[in-house]
>>> print(open('target_0.cif').read())   # mmCIF, C-alpha atoms and all ligand atoms
data_start
#
loop_
_atom_site.group_PDB
_atom_site.id
_atom_site.type_symbol
_atom_site.label_atom_id
_atom_site.label_comp_id
_atom_site.auth_asym_id
_atom_site.auth_seq_id
_atom_site.Cartn_x
_atom_site.Cartn_y
_atom_site.Cartn_z
ATOM 1 C CA MET A 1 6.149 31.593 3.041
ATOM 2 C CA THR A 2 3.377 33.943 1.923
ATOM 3 C CA ILE A 3 -0.144 34.444 3.255
ATOM 4 C CA LYS A 4 -2.589 36.397 1.130
ATOM 5 C CA ILE A 5 -5.163 38.265 3.184
ATOM 6 C CA GLY A 6 -8.418 39.815 2.017
ATOM 7 C CA LYS A 7 -12.151 39.504 1.556
ATOM 8 C CA ALA A 8 -12.016 37.312 -1.597
ATOM 9 C CA PRO A 9 -12.315 33.540 -1.010
ATOM 10 C CA ASP A 10 -9.108 32.807 -2.934
ATOM 11 C CA ASN A 11 -7.001 34.338 -0.139
ATOM 12 C CA ASP A 12 -5.108 32.131 2.309
ATOM 13 C CA TYR A 13 -6.731 34.085 5.124
ATOM 14 C CA VAL A 14 -10.206 35.399 4.409
ATOM 15 C CA ALA A 15 -11.021 38.572 6.367
ATOM 16 C CA ASP A 16 -14.764 38.965 5.937
ATOM 17 C CA ASP A 17 -15.385 42.653 6.574
ATOM 18 C CA PRO A 18 -16.936 45.335 4.302
ATOM 19 C CA GLN A 19 -13.993 47.688 4.953
ATOM 20 C CA VAL A 20 -11.440 45.086 3.863
ATOM 21 C CA SER A 21 -10.427 44.974 0.181
ATOM 22 C CA ARG A 22 -10.712 41.783 -1.858
ATOM 23 C CA HIS A 23 -6.932 41.412 -1.918
ATOM 24 C CA HIS A 24 -5.950 43.613 0.967
ATOM 25 C CA ALA A 25 -2.540 42.623 2.292
ATOM 26 C CA ARG A 26 0.240 40.078 2.154
ATOM 27 C CA LEU A 27 2.075 38.608 5.125
ATOM 28 C CA THR A 28 5.421 36.951 4.411
ATOM 29 C CA ARG A 29 7.835 35.090 6.637
ATOM 30 C CA ASP A 30 11.422 34.592 5.454
ATOM 31 C CA GLU A 31 13.860 31.802 6.385
ATOM 32 C CA GLN A 32 14.943 33.731 9.487
ATOM 33 C CA GLY A 33 11.331 33.881 10.662
ATOM 34 C CA ILE A 34 11.020 37.626 10.037
ATOM 35 C CA LEU A 35 7.449 38.738 9.338
ATOM 36 C CA LEU A 36 6.755 41.378 6.739
ATOM 37 C CA LEU A 37 3.316 42.913 6.216
ATOM 38 C CA GLU A 38 2.548 44.617 2.898
ATOM 39 C CA ASP A 39 -0.541 46.564 1.931
ATOM 40 C CA LEU A 40 -1.729 45.591 -1.570
ATOM 41 C CA GLN A 41 -3.065 49.063 -2.505
ATOM 42 C CA SER A 42 -6.148 48.432 -0.404
ATOM 43 C CA THR A 43 -8.999 50.969 -0.432
ATOM 44 C CA ASN A 44 -9.043 51.609 3.313
ATOM 45 C CA GLY A 45 -5.425 50.945 4.214
ATOM 46 C CA THR A 46 -3.456 48.766 6.637
ATOM 47 C CA PHE A 47 -2.447 49.966 10.110
ATOM 48 C CA VAL A 48 0.213 48.681 12.500
ATOM 49 C CA ASN A 49 0.008 49.996 16.067
ATOM 50 C CA GLY A 50 -2.140 52.877 14.835
ATOM 51 C CA ALA A 51 0.115 54.011 11.956
ATOM 52 C CA GLN A 52 -0.749 53.398 8.314
ATOM 53 C CA ILE A 53 1.835 51.289 6.515
ATOM 54 C CA LEU A 54 2.641 50.171 2.987
ATOM 55 C CA LYS A 55 5.310 47.653 3.955
ATOM 56 C CA LYS A 56 6.484 46.975 7.493
ATOM 57 C CA ARG A 57 8.332 44.383 9.508
ATOM 58 C CA ILE A 58 6.026 43.177 12.268
ATOM 59 C CA THR A 59 5.991 40.820 15.253
ATOM 60 C CA PRO A 60 3.041 38.604 16.340
ATOM 61 C CA THR A 61 2.288 40.989 19.220
ATOM 62 C CA ASP A 62 1.792 44.044 16.971
ATOM 63 C CA HIS A 63 -1.724 45.432 16.695
ATOM 64 C CA VAL A 64 -2.750 45.162 13.044
ATOM 65 C CA VAL A 65 -5.941 46.668 11.650
ATOM 66 C CA LEU A 66 -7.199 46.241 8.092
ATOM 67 C CA GLY A 67 -9.423 49.048 6.843
ATOM 68 C CA SER A 68 -11.078 50.992 9.624
ATOM 69 C CA ASN A 69 -11.835 48.276 12.161
ATOM 70 C CA TYR A 70 -10.916 44.704 11.191
ATOM 71 C CA ILE A 71 -8.376 43.473 13.759
ATOM 72 C CA LEU A 72 -6.032 40.936 12.220
ATOM 73 C CA ASP A 73 -4.950 38.139 14.552
ATOM 74 C CA ILE A 74 -1.422 37.522 13.258
ATOM 75 C CA GLY A 75 -1.119 34.157 15.013
ATOM 76 C CA GLN A 76 -4.338 32.970 13.419
ATOM 77 C CA ALA A 77 -3.295 34.284 10.007
ATOM 78 C CA LEU A 78 -0.031 32.336 10.303
ATOM 79 C CA ARG A 79 -1.935 29.149 11.115
ATOM 80 C CA ALA A 80 -4.056 29.690 8.001
ATOM 81 C CA ASN A 81 -0.863 29.319 6.031
ATOM 82 C CA ASN A 82 -0.906 26.405 3.674
ATOM 83 C CA ASP A 83 2.149 27.440 1.688
ATOM 84 C CA TYR A 84 4.870 24.823 2.034
ATOM 85 C CA CYS A 85 6.646 25.589 -1.255
ATOM 86 C CA GLU A 86 10.037 26.306 0.329
ATOM 87 C CA GLU A 87 9.961 23.237 2.538
ATOM 88 C CA PHE A 88 8.769 21.076 -0.354
ATOM 89 C CA ALA A 89 11.522 22.384 -2.655
ATOM 90 C CA ALA A 90 14.084 21.197 -0.089
ATOM 91 C CA LEU A 91 12.803 17.629 -0.492
ATOM 92 C CA LYS A 92 14.305 17.426 -4.005
ATOM 93 C CA GLN A 93 17.735 17.121 -2.389
ATOM 94 C CA VAL A 94 16.419 14.424 -0.034
ATOM 95 C CA TYR A 95 15.143 12.348 -2.960
ATOM 96 C CA ASP A 96 18.226 12.807 -5.164
ATOM 97 C CA THR A 97 20.571 11.896 -2.294
ATOM 98 C CA TYR A 98 18.524 8.793 -1.496
ATOM 99 C CA ILE A 99 18.616 7.533 -5.078
ATOM 100 C CA SER A 100 22.347 8.142 -5.555
ATOM 101 C CA LYS A 101 23.197 6.435 -2.222
ATOM 102 C CA LYS A 102 20.999 3.489 -3.116
ATOM 103 C CA VAL A 103 22.663 3.064 -6.513
ATOM 104 C CA ARG A 104 26.102 3.350 -4.889
ATOM 105 C CA ILE A 105 25.334 0.614 -2.325
ATOM 106 C CA GLN A 106 23.947 -1.710 -4.995
ATOM 107 C CA SER A 107 26.762 -1.279 -7.508
ATOM 108 C CA ALA A 108 29.542 -1.382 -4.897
ATOM 109 C CA ASN A 109 28.029 -4.564 -3.527
ATOM 110 C CA THR A 110 27.846 -6.319 -6.906
ATOM 111 C CA PHE A 111 31.463 -5.434 -7.649
ATOM 112 C CA ARG A 112 32.835 -6.524 -4.255
ATOM 113 C CA THR A 113 30.814 -9.731 -4.223
ATOM 114 C CA ARG A 114 32.224 -10.755 -7.593
ATOM 115 C CA LEU A 115 35.729 -9.725 -6.602
ATOM 116 C CA PHE A 116 35.681 -11.774 -3.403
ATOM 117 C CA GLN A 117 34.263 -14.756 -5.204
ATOM 118 C CA ALA A 118 36.691 -14.624 -8.106
ATOM 119 C CA LEU A 119 39.950 -13.680 -6.411
ATOM 120 C CA PRO A 120 40.681 -16.872 -4.413
ATOM 121 C CA PHE A 121 40.203 -19.036 -7.498
ATOM 122 C CA ALA A 122 43.298 -17.414 -8.949
ATOM 123 C CA LEU A 123 45.437 -18.451 -5.985
ATOM 124 C CA PRO A 124 45.982 -22.151 -6.776
ATOM 125 C CA GLY A 125 47.313 -21.118 -10.166
ATOM 126 C CA ILE A 126 49.719 -18.658 -8.575
ATOM 127 C CA VAL A 127 50.846 -21.263 -6.045
ATOM 128 C CA GLY A 128 51.229 -23.834 -8.813
ATOM 129 C CA GLY A 129 53.440 -21.372 -10.637
ATOM 130 C CA ILE A 130 55.631 -20.930 -7.582
ATOM 131 C CA ILE A 131 55.941 -24.711 -7.286
ATOM 132 C CA SER A 132 57.137 -25.061 -10.855
ATOM 133 C CA LEU A 133 59.723 -22.366 -10.247
ATOM 134 C CA ALA A 134 60.857 -24.007 -7.016
ATOM 135 C CA GLY A 135 61.332 -27.340 -8.752
ATOM 136 C CA GLY A 136 58.385 -29.321 -7.436
ATOM 137 C CA SER A 137 59.158 -29.624 -3.714
ATOM 138 C CA ARG A 138 56.715 -31.735 -1.641
ATOM 139 C CA THR A 139 56.012 -28.880 0.773
ATOM 140 C CA PHE A 140 54.849 -26.610 -2.048
ATOM 141 C CA LEU A 141 52.725 -29.379 -3.472
ATOM 142 C CA GLY A 142 51.024 -29.788 -0.085
ATOM 143 C CA ILE A 143 50.361 -26.067 0.210
ATOM 144 C CA SER A 144 49.085 -25.966 -3.334
ATOM 145 C CA LEU A 145 46.565 -28.751 -2.623
ATOM 146 C CA LEU A 146 45.445 -27.063 0.609
ATOM 147 C CA VAL A 147 44.905 -23.728 -1.129
ATOM 148 C CA ALA A 148 43.108 -25.401 -4.006
ATOM 149 C CA ILE A 149 40.600 -26.868 -1.541
ATOM 150 C CA CYS A 150 40.248 -23.884 0.803
ATOM 151 C CA ALA A 151 40.330 -20.943 -1.604
ATOM 152 C CA PRO A 152 36.948 -21.490 -3.257
ATOM 153 C CA CYS A 153 35.370 -21.988 0.180
ATOM 154 C CA ILE A 154 36.866 -18.719 1.438
ATOM 155 C CA GLY A 155 35.780 -16.993 -1.774
ATOM 156 C CA ILE A 156 32.203 -18.161 -1.402
ATOM 157 C CA TYR A 157 32.201 -17.226 2.307
ATOM 158 C CA LEU A 158 33.557 -13.705 1.692
ATOM 159 C CA GLY A 159 31.188 -13.169 -1.215
ATOM 160 C CA ALA A 160 28.193 -14.255 0.814
ATOM 161 C CA ARG A 161 29.228 -12.075 3.752
ATOM 162 C CA GLN A 162 29.568 -9.062 1.467
ATOM 163 C CA ALA A 163 26.182 -9.791 -0.118
ATOM 164 C CA ALA A 164 24.614 -9.963 3.350
ATOM 165 C CA LYS A 165 25.824 -6.428 4.209
ATOM 166 C CA ALA A 166 23.912 -4.688 1.416
ATOM 167 C CA PRO A 167 20.350 -5.471 2.574
ATOM 168 C CA GLN A 168 21.158 -3.960 5.991
ATOM 169 C CA LEU A 169 22.651 -0.814 4.426
ATOM 170 C CA LEU A 170 19.681 -0.496 2.084
ATOM 171 C CA GLN A 171 17.278 -1.042 4.972
ATOM 172 C CA ASP A 172 18.960 1.678 7.047
ATOM 173 C CA LEU A 173 18.855 4.020 4.054
ATOM 174 C CA ALA A 174 15.160 3.282 3.420
ATOM 175 C CA ASN A 175 14.307 3.838 7.095
ATOM 176 C CA ARG A 176 16.007 7.228 7.079
ATOM 177 C CA PHE A 177 14.257 8.115 3.799
ATOM 178 C CA LYS A 178 10.849 7.305 5.337
ATOM 179 C CA ILE A 179 11.539 9.868 8.059
ATOM 180 C CA ASP A 180 12.891 12.589 5.759
ATOM 181 C CA TYR A 181 10.758 12.292 2.612
ATOM 182 C CA VAL A 182 7.455 13.418 4.092
ATOM 183 C CA CYS A 183 4.914 16.165 3.483
ATOM 184 C CA PRO A 184 6.296 19.205 5.398
ATOM 185 C CA LYS A 185 2.834 19.936 6.779
ATOM 186 C CA CYS A 186 1.123 16.627 7.654
ATOM 187 C CA GLY A 187 4.223 14.390 7.799
ATOM 188 C CA ALA A 188 2.780 11.698 5.490
ATOM 189 C CA PHE A 189 5.507 9.592 3.839
ATOM 190 C CA LEU A 190 5.571 10.449 0.138
ATOM 191 C CA GLY A 191 6.654 6.995 -1.021
ATOM 192 C CA GLU A 192 9.484 6.219 -3.386
ATOM 193 C CA ILE A 193 8.014 8.625 -5.927
ATOM 194 C CA PRO A 194 10.361 10.976 -7.808
ATOM 195 C CA TRP A 195 10.253 14.552 -6.528
ATOM 196 C CA GLU A 196 9.359 15.861 -10.000
ATOM 197 C CA SER A 197 6.231 13.656 -10.137
ATOM 198 C CA LEU A 198 5.113 14.990 -6.756
ATOM 199 C CA ALA A 199 5.832 18.562 -7.840
ATOM 200 C CA ASN A 200 3.384 18.064 -10.717
ATOM 201 C CA LYS A 201 0.613 17.368 -8.189
ATOM 202 C CA LYS A 202 1.233 20.822 -6.609
ATOM 203 C CA HIS A 203 -0.629 19.890 -3.395
ATOM 204 C CA CYS A 204 -0.453 17.215 -0.744
ATOM 205 C CA PRO A 205 -3.004 14.494 -1.670
ATOM 206 C CA VAL A 206 -3.982 13.915 1.983
ATOM 207 C CA PRO A 207 -7.524 15.409 2.131
ATOM 208 C CA SER A 208 -7.104 16.912 5.624
ATOM 209 C CA CYS A 209 -3.768 18.495 4.623
ATOM 210 C CA LYS A 210 -3.821 19.856 1.053
ATOM 211 C CA ALA A 211 -0.576 21.726 1.771
ATOM 212 C CA LYS A 212 0.557 23.788 -1.186
ATOM 213 C CA TRP A 213 3.834 22.337 -2.501
ATOM 214 C CA VAL A 214 4.246 24.281 -5.717
ATOM 215 C CA ASP A 215 2.898 27.722 -6.604
ATOM 216 C CA GLY A 216 0.341 28.111 -9.348
HETATM 217 ZN ZN ZN B 301 0.351 16.793 3.697
#
>>> encode(input="target_0.cif", output="structure tokens")
Amino acid sequence: MTIKIGKAPDNDYVADDPQVSRHHARLTRDEQGILLLEDLQSTNGTFVNGAQILKKRITPTDHVVLGSNYILDIGQALRANNDYCEEFAALKQVYDTYISKKVRIQSANTFRTRLFQALPFALPGIVGGIISLAGGSRTFLGISLLVAICAPCIGIYLGARQAAKAPQLLQDLANRFKIDYVCPKCGAFLGEIPWESLANKKHCPVPSCKAKWVDG
């Protein structure tokens, strides 16, 4: 996360002071939350707790002065941050995982449904075969008839039960996705839109947010 600080309006944090350079300094925060302040070859320099610095690790309680007298409120500068590139990049994994899980549920379901529906139909044939081998006993004939009647019913029941499971799994997956696939700044659900398409937009489309997703 990077915050550009200076007098020019294209900075993330505009410090309007005649002693501040157009592009004066850069404040970065890494994944561990460590803040690093860098002077961008400013005319009047950057000072942390009274000492001039070029690059220094700072904390929000440090006293930072740009040029001779502009006091930089670090907390305020951090709130001016609109750079959500790192957080947005992490959403690619969220989208890819969602799509692959969805495909897996759908294809597994189609296969199992067909299997359950088809398998019991084979049973009467198998039983019939056993009967022939056993020499046509009445008991086997009875069993064969019973299976012939029941098997398709069981097949249809199992198939239907399997088919009923998928919508619930897909619903659970979609619910989770709605929580995870959101703008890292404003929390708006991004819809079932491929990550790459969103990356092309570069910014969050919510007017009050406009979080930067991709640099450039
Ligand atoms: Zn947003």
>>> residues_around(input="target_0.cif", residues="A:Asp30", least_positions_apart="3", cutoff="9 Å", atoms="all atoms listed in the file", output="list in words")
Met1, Thr2, Gly33, Ile34, Leu35 and Leu36 of chain A
>>> residues_near_ligand(input="target_0.cif", ligand="ligand ZN 301 (chain B)", cutoff="12 Å", atoms="all atoms listed in the file", output="MDAnalysis selection string")
chainID A and resid 82:85 87:88 181:190 198 201:213
>>> write_last_selection(input="target_0.cif", atoms="C-alpha atoms", output="mmCIF file, keeping the file's coordinate frame")
data_model
loop_
_atom_site.group_PDB
_atom_site.id
_atom_site.type_symbol
_atom_site.label_atom_id
_atom_site.label_comp_id
_atom_site.auth_asym_id
_atom_site.auth_seq_id
_atom_site.Cartn_x
_atom_site.Cartn_y
_atom_site.Cartn_z
ATOM 1 C CA ASN A 82 -0.906 26.405 3.674
ATOM 2 C CA ASP A 83 2.149 27.440 1.688
ATOM 3 C CA TYR A 84 4.870 24.823 2.034
ATOM 4 C CA CYS A 85 6.646 25.589 -1.255
ATOM 5 C CA GLU A 87 9.961 23.237 2.538
ATOM 6 C CA PHE A 88 8.769 21.076 -0.354
ATOM 7 C CA TYR A 181 10.758 12.292 2.612
ATOM 8 C CA VAL A 182 7.455 13.418 4.092
ATOM 9 C CA CYS A 183 4.914 16.165 3.483
ATOM 10 C CA PRO A 184 6.296 19.205 5.398
ATOM 11 C CA LYS A 185 2.834 19.936 6.779
ATOM 12 C CA CYS A 186 1.123 16.627 7.654
ATOM 13 C CA GLY A 187 4.223 14.390 7.799
ATOM 14 C CA ALA A 188 2.780 11.698 5.490
ATOM 15 C CA PHE A 189 5.507 9.592 3.839
ATOM 16 C CA LEU A 190 5.571 10.449 0.138
ATOM 17 C CA LEU A 198 5.113 14.990 -6.756
ATOM 18 C CA LYS A 201 0.613 17.368 -8.189
ATOM 19 C CA LYS A 202 1.233 20.822 -6.609
ATOM 20 C CA HIS A 203 -0.629 19.890 -3.395
ATOM 21 C CA CYS A 204 -0.453 17.215 -0.744
ATOM 22 C CA PRO A 205 -3.004 14.494 -1.670
ATOM 23 C CA VAL A 206 -3.982 13.915 1.983
ATOM 24 C CA PRO A 207 -7.524 15.409 2.131
ATOM 25 C CA SER A 208 -7.104 16.912 5.624
ATOM 26 C CA CYS A 209 -3.768 18.495 4.623
ATOM 27 C CA LYS A 210 -3.821 19.856 1.053
ATOM 28 C CA ALA A 211 -0.576 21.726 1.771
ATOM 29 C CA LYS A 212 0.557 23.788 -1.186
ATOM 30 C CA TRP A 213 3.834 22.337 -2.501
#
>>> closest_residue(input="target_0.cif", among="A:Asp172, A:Asp16, A:Asp10, A:Glu196", to="A:Tyr98", atoms="only C-alpha atoms")
A:Asp172
>>> resolve_selection(input="target_0.cif", expression="the PyMOL selection byres (((chain A and resi 173) around 12) and not hetatm)", output="PDB file with C-alpha atoms, in the coordinates of the input")
ATOM      1  CA  VAL A  94      16.419  14.424  -0.034  1.00  0.00           C
ATOM      2  CA  TYR A  95      15.143  12.348  -2.960  1.00  0.00           C
ATOM      3  CA  THR A  97      20.571  11.896  -2.294  1.00  0.00           C
ATOM      4  CA  TYR A  98      18.524   8.793  -1.496  1.00  0.00           C
ATOM      5  CA  ILE A  99      18.616   7.533  -5.078  1.00  0.00           C
ATOM      6  CA  SER A 100      22.347   8.142  -5.555  1.00  0.00           C
ATOM      7  CA  LYS A 101      23.197   6.435  -2.222  1.00  0.00           C
ATOM      8  CA  LYS A 102      20.999   3.489  -3.116  1.00  0.00           C
ATOM      9  CA  VAL A 103      22.663   3.064  -6.513  1.00  0.00           C
ATOM     10  CA  ARG A 104      26.102   3.350  -4.889  1.00  0.00           C
ATOM     11  CA  ILE A 105      25.334   0.614  -2.325  1.00  0.00           C
ATOM     12  CA  GLN A 106      23.947  -1.710  -4.995  1.00  0.00           C
ATOM     13  CA  ALA A 166      23.912  -4.688   1.416  1.00  0.00           C
ATOM     14  CA  PRO A 167      20.350  -5.471   2.574  1.00  0.00           C
ATOM     15  CA  GLN A 168      21.158  -3.960   5.991  1.00  0.00           C
ATOM     16  CA  LEU A 169      22.651  -0.814   4.426  1.00  0.00           C
ATOM     17  CA  LEU A 170      19.681  -0.496   2.084  1.00  0.00           C
ATOM     18  CA  GLN A 171      17.278  -1.042   4.972  1.00  0.00           C
ATOM     19  CA  ASP A 172      18.960   1.678   7.047  1.00  0.00           C
ATOM     20  CA  ALA A 174      15.160   3.282   3.420  1.00  0.00           C
ATOM     21  CA  ASN A 175      14.307   3.838   7.095  1.00  0.00           C
ATOM     22  CA  ARG A 176      16.007   7.228   7.079  1.00  0.00           C
ATOM     23  CA  PHE A 177      14.257   8.115   3.799  1.00  0.00           C
ATOM     24  CA  LYS A 178      10.849   7.305   5.337  1.00  0.00           C
ATOM     25  CA  ILE A 179      11.539   9.868   8.059  1.00  0.00           C
ATOM     26  CA  ASP A 180      12.891  12.589   5.759  1.00  0.00           C
ATOM     27  CA  TYR A 181      10.758  12.292   2.612  1.00  0.00           C
TER      28      TYR A 181
END
>>> atom_distance(input="target_0.cif", atom1="atom CA of A:Leu40", atom2="atom CA of A:Val65")
13.9 Å
>>> resolve_selection(input="target_0.cif", expression="the PyMOL selection byres (((chain A and resi 74) around 12) and not hetatm)", output="PyMOL selection string")
chain A and resi 3+5+13+15+26-29+35-37+48+58-66+71-73+75-81
>>> closest_residue(input="target_0.cif", among="A:Glu31, A:Asp12, A:Glu192, A:Glu38", to="A:Asp96", atoms="all atoms listed in the file")
A:Glu192
>>> closest_residue(input="target_0.cif", among="A:Arg22, A:Lys92, A:Lys165, A:Lys56", to="A:Ser197", atoms="only C-alpha atoms")
A:Lys92
>>> atom_distance(input="target_0.cif", atom1="atom CA of A:Thr46", atom2="atom CA of A:Val14")
15.1 Å
>>> residues_around(input="target_0.cif", residues="A:His23", least_positions_apart="6", cutoff="8 Å", atoms="all atoms listed in the file", output="NGL selection string")
:A and (4-8 or 11 or 40 or 42)
>>> closest_residue(input="target_0.cif", among="A:Gly191, A:Phe111, A:Ala89, A:Ile149", to="A:Leu123", atoms="all atoms listed in the file")
A:Ile149
>>> atom_distance(input="target_0.cif", atom1="atom CA of A:Leu115", atom2="atom CA of A:Gly142")
26.1 Å
>>> resolve_selection(input="target_0.cif", expression="the PyMOL selection byres (((chain A and resi 143) around 12) and not hetatm)", output="MDAnalysis selection string")
chainID A and resid 123:128 130:131 136:142 144:151
>>> closest_residue(input="target_0.cif", among="A:Gln19, A:Phe116, A:Trp195, A:Glu86", to="A:Ile156", atoms="only C-alpha atoms")
A:Phe116
>>> residues_around(input="target_0.cif", residues="A:Gly159", least_positions_apart="6", cutoff="7 Å", atoms="all atoms listed in the file", output="PyMOL selection string")
chain A and resi 113-114+116-117
>>> axis_aligned_box(input="target_0.cif", around="stretch 158-169 of chain A", padding_each_side="8 Å", output="lines of an AutoDock Vina configuration file")
center_x = 27.0
center_y = -7.5
center_z = 2.4
size_x = 29.2
size_y = 29.4
size_z = 23.2
>>> decode(input="target_0.cif", residues="stretch 66-78 of chain A", atoms="N, CA and C atoms", output="short mmCIF file (atom, residue, chain, number, x, y, z; two decimals), in the first residue's frame")
data_model
loop_
_atom_site.label_atom_id
_atom_site.label_comp_id
_atom_site.auth_asym_id
_atom_site.auth_seq_id
_atom_site.Cartn_x
_atom_site.Cartn_y
_atom_site.Cartn_z
N LEU A 66 7.10 18.17 6.65
CA LEU A 66 7.51 18.28 5.25
C LEU A 66 7.94 19.72 5.01
N GLY A 67 9.12 19.88 4.39
CA GLY A 67 9.64 21.24 4.19
C GLY A 67 9.94 21.86 5.55
N SER A 68 9.73 23.17 5.66
CA SER A 68 10.13 23.79 6.94
C SER A 68 9.04 23.73 8.00
N ASN A 69 7.76 23.69 7.61
CA ASN A 69 6.75 23.75 8.67
C ASN A 69 5.44 23.01 8.42
N TYR A 70 5.34 22.19 7.39
CA TYR A 70 4.07 21.48 7.19
C TYR A 70 4.06 20.20 8.02
N ILE A 71 3.21 20.15 9.04
CA ILE A 71 3.14 18.95 9.89
C ILE A 71 2.23 17.93 9.24
N LEU A 72 2.79 16.75 9.01
CA LEU A 72 2.02 15.69 8.35
C LEU A 72 1.34 14.81 9.41
N ASP A 73 0.02 14.79 9.34
CA ASP A 73 -0.76 13.90 10.23
C ASP A 73 -0.76 12.52 9.59
N ILE A 74 0.02 11.61 10.16
CA ILE A 74 0.19 10.28 9.55
C ILE A 74 -1.13 9.52 9.48
N GLY A 75 -1.91 9.62 10.57
CA GLY A 75 -3.21 8.94 10.60
C GLY A 75 -4.12 9.41 9.47
N GLN A 76 -4.12 10.71 9.26
CA GLN A 76 -4.95 11.30 8.21
C GLN A 76 -4.44 10.89 6.82
N ALA A 77 -3.12 10.86 6.68
CA ALA A 77 -2.52 10.46 5.40
C ALA A 77 -2.90 9.01 5.09
N LEU A 78 -2.92 8.16 6.12
CA LEU A 78 -3.28 6.76 5.92
C LEU A 78 -4.75 6.61 5.52
#
